[in-house]
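The data block below is entry.txt; it holds compact mmCIF, C-alpha atoms.
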# COMPACT_ATOMS: atom_id res chain seq x y z
CA MET A 1 11.32 65.30 -91.57
CA ARG A 2 10.38 61.57 -91.32
CA ASN A 3 7.24 62.44 -89.33
CA ILE A 4 6.17 64.93 -92.01
CA ILE A 5 6.62 62.27 -94.75
CA ALA A 6 4.68 59.69 -92.70
CA LEU A 7 1.79 62.12 -92.19
CA ALA A 8 1.79 62.92 -95.87
CA LEU A 9 1.61 59.22 -96.81
CA LEU A 10 -1.09 58.30 -94.26
CA PRO A 11 -4.09 59.32 -96.40
CA MET A 12 -2.66 57.30 -99.30
CA LEU A 13 -2.23 54.19 -97.11
CA LEU A 14 -5.77 54.46 -95.74
CA THR A 15 -7.14 54.83 -99.25
CA ALA A 16 -5.17 51.76 -100.39
CA CYS A 17 -6.48 49.65 -97.49
CA GLN A 18 -10.03 50.76 -98.14
CA SER A 19 -9.61 49.99 -101.83
CA THR A 20 -8.32 46.48 -101.02
CA SER A 21 -11.24 45.82 -98.67
CA VAL A 22 -13.72 47.05 -101.25
CA ALA A 23 -12.03 44.93 -103.91
CA GLU A 24 -12.31 41.81 -101.73
CA LYS A 25 -15.99 42.46 -101.09
CA GLU A 26 -16.63 43.09 -104.78
CA SER A 27 -14.77 39.88 -105.63
CA ALA A 28 -16.88 37.93 -103.09
CA LYS A 29 -20.06 39.41 -104.60
CA SER A 30 -19.07 38.11 -108.03
CA LEU A 31 -18.83 34.49 -106.76
CA PRO A 32 -21.82 32.12 -106.95
CA SER A 33 -23.94 32.45 -103.81
CA LEU A 34 -23.87 29.72 -101.16
CA ASN A 35 -26.88 28.49 -99.25
CA ALA A 36 -27.26 29.34 -95.55
CA ALA A 37 -26.26 25.85 -94.38
CA MET A 38 -23.02 25.99 -96.36
CA MET A 39 -22.23 29.47 -95.06
CA THR A 40 -22.88 28.42 -91.45
CA GLY A 41 -20.94 25.16 -91.74
CA ALA A 42 -17.92 26.81 -93.34
CA GLY A 43 -17.98 29.62 -90.78
CA LEU A 44 -18.03 27.11 -87.93
CA GLN A 45 -15.20 25.07 -89.44
CA LEU A 46 -12.93 28.09 -89.86
CA SER A 47 -13.83 29.67 -86.50
CA ALA A 48 -13.15 26.41 -84.63
CA LEU A 49 -9.44 26.93 -85.24
CA LYS A 50 -9.32 30.01 -83.02
CA CYS A 51 -11.49 28.51 -80.26
CA PHE A 52 -9.66 25.21 -79.59
CA ASP A 53 -5.96 24.56 -79.05
CA THR A 54 -6.42 20.80 -78.75
CA GLY A 55 -9.15 18.48 -79.96
CA VAL A 56 -10.06 20.80 -82.84
CA ALA A 57 -10.14 17.86 -85.29
CA LEU A 58 -12.83 16.16 -83.20
CA ILE A 59 -14.87 19.38 -83.07
CA GLN A 60 -14.55 19.75 -86.85
CA ASP A 61 -15.71 16.16 -87.32
CA GLU A 62 -18.83 16.96 -85.28
CA ILE A 63 -19.46 20.09 -87.37
CA GLU A 64 -19.15 18.07 -90.57
CA LYS A 65 -21.62 15.45 -89.29
CA GLU A 66 -24.20 18.13 -88.53
CA THR A 67 -23.72 20.56 -91.42
CA GLY A 68 -22.20 18.36 -94.12
CA VAL A 69 -19.36 20.86 -94.55
CA SER A 70 -15.81 19.60 -93.99
CA PHE A 71 -12.88 21.78 -92.98
CA ALA A 72 -11.25 21.09 -96.36
CA THR A 73 -14.36 22.39 -98.14
CA ALA A 74 -14.46 25.50 -95.95
CA TYR A 75 -10.77 26.16 -96.52
CA ASN A 76 -11.13 25.80 -100.29
CA LEU A 77 -14.12 28.15 -100.34
CA LYS A 78 -12.14 30.74 -98.40
CA SER A 79 -9.24 30.33 -100.83
CA ASP A 80 -11.65 30.94 -103.70
CA GLY A 81 -12.54 34.31 -102.20
CA TYR A 82 -15.63 33.63 -100.12
CA ILE A 83 -15.88 35.63 -96.90
CA PHE A 84 -17.40 33.97 -93.83
CA GLU A 85 -18.57 35.59 -90.65
CA SER A 86 -16.43 34.86 -87.60
CA ILE A 87 -18.43 32.82 -85.07
CA GLY A 88 -17.96 33.24 -81.31
CA CYS A 89 -16.52 30.41 -79.25
CA ASP A 90 -19.71 30.16 -77.17
CA SER A 91 -21.43 28.68 -80.21
CA PHE A 92 -19.32 25.51 -79.91
CA SER A 93 -20.65 24.32 -76.54
CA THR A 94 -22.91 21.68 -78.11
CA TYR A 95 -20.10 20.30 -80.23
CA SER A 96 -17.75 20.22 -77.23
CA SER A 97 -20.36 18.31 -75.23
CA ASN A 98 -20.82 15.78 -78.03
CA VAL A 99 -17.07 15.28 -78.31
CA ALA A 100 -16.80 14.78 -74.52
CA LYS A 101 -19.56 12.16 -74.65
CA ALA A 102 -17.92 10.44 -77.61
CA ARG A 103 -14.57 10.34 -75.80
CA LYS A 104 -16.22 8.92 -72.68
CA LEU A 105 -17.89 6.18 -74.71
CA GLU A 106 -14.62 5.42 -76.49
CA PHE A 107 -12.72 5.17 -73.20
CA ALA A 108 -15.46 2.90 -71.82
CA LYS A 109 -15.16 0.71 -74.91
CA ILE A 110 -11.38 0.54 -74.50
CA ASP A 111 -11.80 -0.40 -70.82
CA GLN A 112 -14.27 -3.14 -71.75
CA GLU A 113 -11.89 -4.52 -74.36
CA ARG A 114 -9.06 -4.43 -71.83
CA VAL A 115 -11.17 -6.29 -69.26
CA LYS A 116 -12.13 -8.90 -71.86
CA ALA A 117 -8.49 -9.33 -72.85
CA GLU A 118 -7.46 -9.78 -69.20
CA GLN A 119 -10.27 -12.28 -68.63
CA LYS A 120 -9.15 -14.22 -71.68
CA LYS A 121 -5.54 -14.28 -70.43
CA THR A 122 -6.69 -15.40 -66.97
CA LYS A 123 -8.70 -18.26 -68.46
CA GLU A 124 -5.82 -19.31 -70.70
CA LEU A 125 -3.47 -19.33 -67.69
CA ALA A 126 -5.92 -21.37 -65.60
CA ASP A 127 -6.41 -23.88 -68.43
CA LYS A 128 -2.66 -24.25 -68.89
CA ILE A 129 -1.96 -24.75 -65.18
CA ASN A 130 -4.84 -27.22 -64.82
CA ARG A 131 -3.58 -29.17 -67.83
CA LEU A 132 -0.08 -29.37 -66.34
CA ASN A 133 -1.48 -30.54 -63.00
CA SER A 134 -3.58 -33.22 -64.70
CA VAL A 135 -0.89 -34.70 -66.96
CA GLY A 136 2.17 -34.67 -64.72
CA LYS A 137 4.93 -32.62 -63.09
CA GLY A 138 6.82 -29.67 -64.47
CA ASP A 139 6.84 -25.91 -64.63
CA LEU A 140 5.44 -23.07 -66.72
CA LYS A 141 7.20 -19.79 -67.40
CA ILE A 142 4.65 -17.06 -66.67
CA CYS A 143 6.66 -13.82 -66.87
CA SER A 144 10.07 -12.60 -67.98
CA LEU A 145 10.98 -9.21 -66.57
CA GLY A 146 13.52 -6.52 -67.19
CA TYR A 147 15.21 -5.03 -70.21
CA SER A 148 17.27 -8.17 -70.79
CA ASN A 149 14.69 -10.62 -69.34
CA LYS A 150 16.92 -11.85 -66.53
CA THR A 151 14.15 -12.32 -63.95
CA HIS A 152 11.71 -15.16 -64.59
CA VAL A 153 8.56 -16.19 -62.74
CA TYR A 154 7.42 -19.82 -62.98
CA TYR A 155 4.53 -21.92 -61.79
CA ASP A 156 6.11 -25.15 -60.51
CA ASN A 157 4.34 -28.34 -59.35
CA ARG A 158 7.29 -30.73 -59.29
CA ARG A 159 7.07 -30.94 -55.51
CA ASP A 160 4.41 -28.86 -53.88
CA LYS A 161 2.61 -26.31 -56.00
CA ARG A 162 4.69 -23.14 -55.75
CA ILE A 163 5.99 -20.03 -57.44
CA SER A 164 9.61 -20.20 -58.56
CA LEU A 165 11.61 -16.99 -59.01
CA ARG A 166 14.75 -17.48 -61.10
CA THR A 167 17.28 -14.72 -61.62
CA TYR A 168 20.37 -14.62 -63.83
CA ASP A 169 23.21 -12.18 -64.23
CA GLU A 170 24.07 -10.47 -67.50
CA TYR A 171 26.17 -13.37 -68.82
CA ILE A 172 23.98 -16.12 -67.32
CA VAL A 173 26.96 -17.33 -65.29
CA ASN A 174 25.42 -16.77 -61.87
CA SER A 175 21.85 -17.77 -61.09
CA VAL A 176 19.69 -17.76 -57.97
CA HIS A 177 16.35 -19.51 -57.52
CA MET A 178 13.84 -18.78 -54.78
CA ASN A 179 10.64 -20.77 -54.28
CA LEU A 180 7.50 -19.38 -52.64
CA ASN A 181 4.50 -21.12 -51.15
CA LYS A 182 1.19 -19.26 -50.82
CA SER A 183 1.95 -17.44 -47.54
CA GLN A 184 5.50 -16.60 -48.63
CA ALA A 185 4.23 -15.23 -51.94
CA ARG A 186 1.74 -12.98 -50.15
CA ASN A 187 4.42 -11.76 -47.76
CA PHE A 188 6.84 -11.09 -50.61
CA VAL A 189 4.21 -9.04 -52.46
CA THR A 190 3.67 -6.95 -49.32
CA VAL A 191 7.42 -6.46 -48.86
CA LEU A 192 7.86 -5.39 -52.49
CA LYS A 193 5.00 -2.89 -52.34
CA GLU A 194 6.27 -1.32 -49.11
CA ALA A 195 9.85 -1.17 -50.42
CA GLN A 196 8.75 0.47 -53.66
CA GLN A 197 6.74 3.06 -51.74
CA LYS A 198 9.72 3.89 -49.53
CA ALA A 199 11.96 4.12 -52.60
CA ASN A 200 9.52 6.51 -54.29
CA GLU A 201 9.21 8.67 -51.19
CA ASN A 202 13.00 8.91 -50.80
CA SER A 203 14.13 9.32 -54.39
CA ASP A 204 16.57 12.03 -53.30
CA ILE A 205 18.58 9.49 -51.26
CA GLU A 206 21.36 7.94 -53.32
CA SER A 207 21.72 4.68 -51.37
CA LEU A 208 19.01 3.18 -49.18
CA GLN A 209 18.83 -0.30 -47.61
CA LEU A 210 15.23 -1.54 -47.44
CA GLY A 211 15.52 -4.90 -45.74
CA LYS A 212 15.89 -8.55 -46.60
CA PHE A 213 13.32 -11.17 -47.56
CA GLU A 214 13.98 -14.88 -47.10
CA ALA A 215 12.10 -17.93 -48.34
CA GLY A 216 13.56 -21.41 -47.93
CA ILE A 217 17.22 -21.30 -48.90
CA GLY A 218 16.79 -18.21 -51.07
CA TRP A 219 16.93 -14.55 -50.07
CA VAL A 220 16.92 -11.12 -51.62
CA MET A 221 18.20 -7.84 -50.19
CA LEU A 222 16.24 -4.79 -51.31
CA THR A 223 18.06 -1.55 -52.05
CA SER A 224 17.12 1.79 -53.58
CA LYS A 225 19.30 4.21 -55.49
CA ASN A 226 17.56 7.53 -56.07
CA GLY A 227 14.19 5.80 -56.09
CA ARG A 228 15.21 2.88 -58.34
CA LEU A 229 14.57 -0.39 -56.52
CA SER A 230 16.97 -3.31 -56.96
CA GLY A 231 17.30 -6.80 -55.56
CA PHE A 232 20.53 -8.51 -54.54
CA TRP A 233 19.66 -12.21 -54.81
CA GLY A 234 21.46 -15.05 -53.08
CA SER A 235 21.14 -18.58 -51.69
CA LYS A 236 22.33 -20.14 -48.43
CA TYR A 237 24.06 -23.03 -50.17
CA SER A 238 25.52 -21.27 -53.20
CA VAL A 239 28.16 -18.63 -53.82
CA ASP A 240 26.20 -17.24 -56.77
CA ARG A 241 24.92 -13.70 -56.33
CA VAL A 242 22.80 -11.67 -58.74
CA LEU A 243 22.04 -7.93 -58.63
CA LEU A 244 19.08 -6.87 -60.77
CA PRO A 245 16.53 -4.05 -60.94
CA LEU A 246 13.19 -4.99 -59.36
CA TYR A 247 10.42 -4.13 -61.77
CA THR A 248 7.71 -4.22 -59.12
CA ASP A 249 5.06 -2.84 -61.48
CA LYS A 250 5.34 -6.14 -63.40
CA LEU A 251 6.71 -8.54 -60.78
CA VAL A 252 3.98 -7.93 -58.21
CA PRO A 253 1.01 -8.52 -60.58
CA CYS A 254 2.72 -11.60 -61.99
CA ILE A 255 3.09 -13.14 -58.53
CA GLU A 256 -0.41 -12.09 -57.46
CA LYS A 257 -2.11 -13.81 -60.38
CA LEU A 258 -0.34 -17.10 -59.52
CA ILE A 259 -1.19 -17.12 -55.81
CA PRO A 260 -4.66 -18.69 -56.31
CA TYR A 261 -3.05 -21.73 -57.98
CA ILE A 262 -0.54 -22.66 -55.26

If you took the structure in this file and wrote it as structure tokens, what would it be?
Amino acid sequence: MRNIIALALLPMLLTACQSTSVAEKESAKSLPSLNAAMMTGAGLQLSALKCFDTGVALIQDEIEKETGVSFATAYNLKSDGYIFESIGCDSFSTYSSNVAKARKLEFAKIDQERVKAEQKKTKELADKINRLNSVGKGDLKICSLGYSNKTHVYYDNRRDKRISLRTYDEYIVNSVHMNLNKSQARNFVTVLKEAQQKANENSDIESLQLGKFEAGIGWVMLTSKNGRLSGFWGSKYSVDRVLLPLYTDKLVPCIEKLIPYI
């Protein structure tokens, strides 16, 4: 019975759909005509949505630059009843190429700005260290590492020129200092890099001992817990001990940039 009713209604549904389509076309015909450039630009803007999952805004910006038609304009025209031809995705190759070039130039500009910023920081550091060396003895805090800033890296010229690593526990009750000359600093950087690599390669191991580094009276034992590297700091003539994460991605560059000055 249901099938018979459906078959009976089918001609009526087809007629209704055809009537709607005809009505839309008639409505579009009654609207003021658009020039070819406007029709093309609007068609490109609306078709871009189905051709690009990401970066569509950049493509639409390129279309607007070339045709003068923005996506907002195209959308409003469609809402007013204008009908635009769907444009194939192959037609967007030129716009995609322009966007790729623009992105490349933007990334190059960002890289240049980053290099300039690093060069400026390097010069400021050199000027500060040279000024300290010329006026007297003391130290300069260069880096503070960790979530709670409990690992500090200093340039120190109070005796020989050296790097001073100063670590503190959570309540700043225990503290351990370790001083590095040039060769010790280079060795420590190598040790840290190798330990971090081993920690990364063995992140499935819960507890891993990765050796001990000593410099003067200070030392640090390197351990990894599921790939997270930590340092257990101590001194030969002190009972203070400090266990802290080793943020090698920041600690290593900080030490490396000081090596030329010691």

Straight-line distance linking atom CA of Tyr82 of chain A with atom CA of Leu49 of chain A, stated in Å to one decimal: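 According to the coordinates, atom CA of Tyr82 of chain A and atom CA of Leu49 of chain A are separated by 17.5 Å.
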
Long-range neighbours of segment 158-160 of chain A as a PyMOL selection string, 12 Å cut-off, all atoms listed in the file, 5 positions minimum in chain: chain A and resi 132-133+135-140+179-182+261-262

Of the candidates A:Gln196, A:Ser183, A:Thr151, A:Asn226, which one gets nearest to Leu208 of chain A if we count all atoms listed in the file?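 Going through A:Gln196, A:Ser183, A:Thr151, A:Asn226 one by one, the smallest distance to Leu208 of chain A is for A:Asn226.
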
If you measure from atom CA of Thr94 of chain A to atom CA of Gln112 of chain A, what distance in Å do you get, rounded to one decimal?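 For atom CA of Thr94 of chain A relative to atom CA of Gln112 of chain A, the distance reads 27.0 Å.
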
Excluding same-chain residues fewer than 2 positions from Glu170 of chain A, what lies within 10 Å of it counting all atoms listed in the file, as a ChimeraX atom specification? /A:148-150,167-168,172-175,242-244

Quick one: of A:Arg228, A:Arg114, A:Arg186, A:Arg162, who's nearest to Lys198 of chain A, counting all atoms listed in the file?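 Among the listed residues, A:Arg228 lies closest to Lys198 of chain A.
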
Exercise: Leu125 of chain A partners within 12 Å, all atoms listed in the file, chain neighbours under 3 positions left out, as a list of chain:residue names: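 Once the adjacent positions are removed, what remains is A:Glu118, A:Gln119, A:Lys120, A:Lys121, A:Thr122, A:Lys128, A:Ile129, A:Asn130, A:Arg131, A:Leu132, A:Leu140, A:Lys141, A:Ile142, A:Cys143, A:Tyr154, A:Tyr155, A:Cys254, A:Lys257, A:Leu258, A:Pro260, A:Tyr261.
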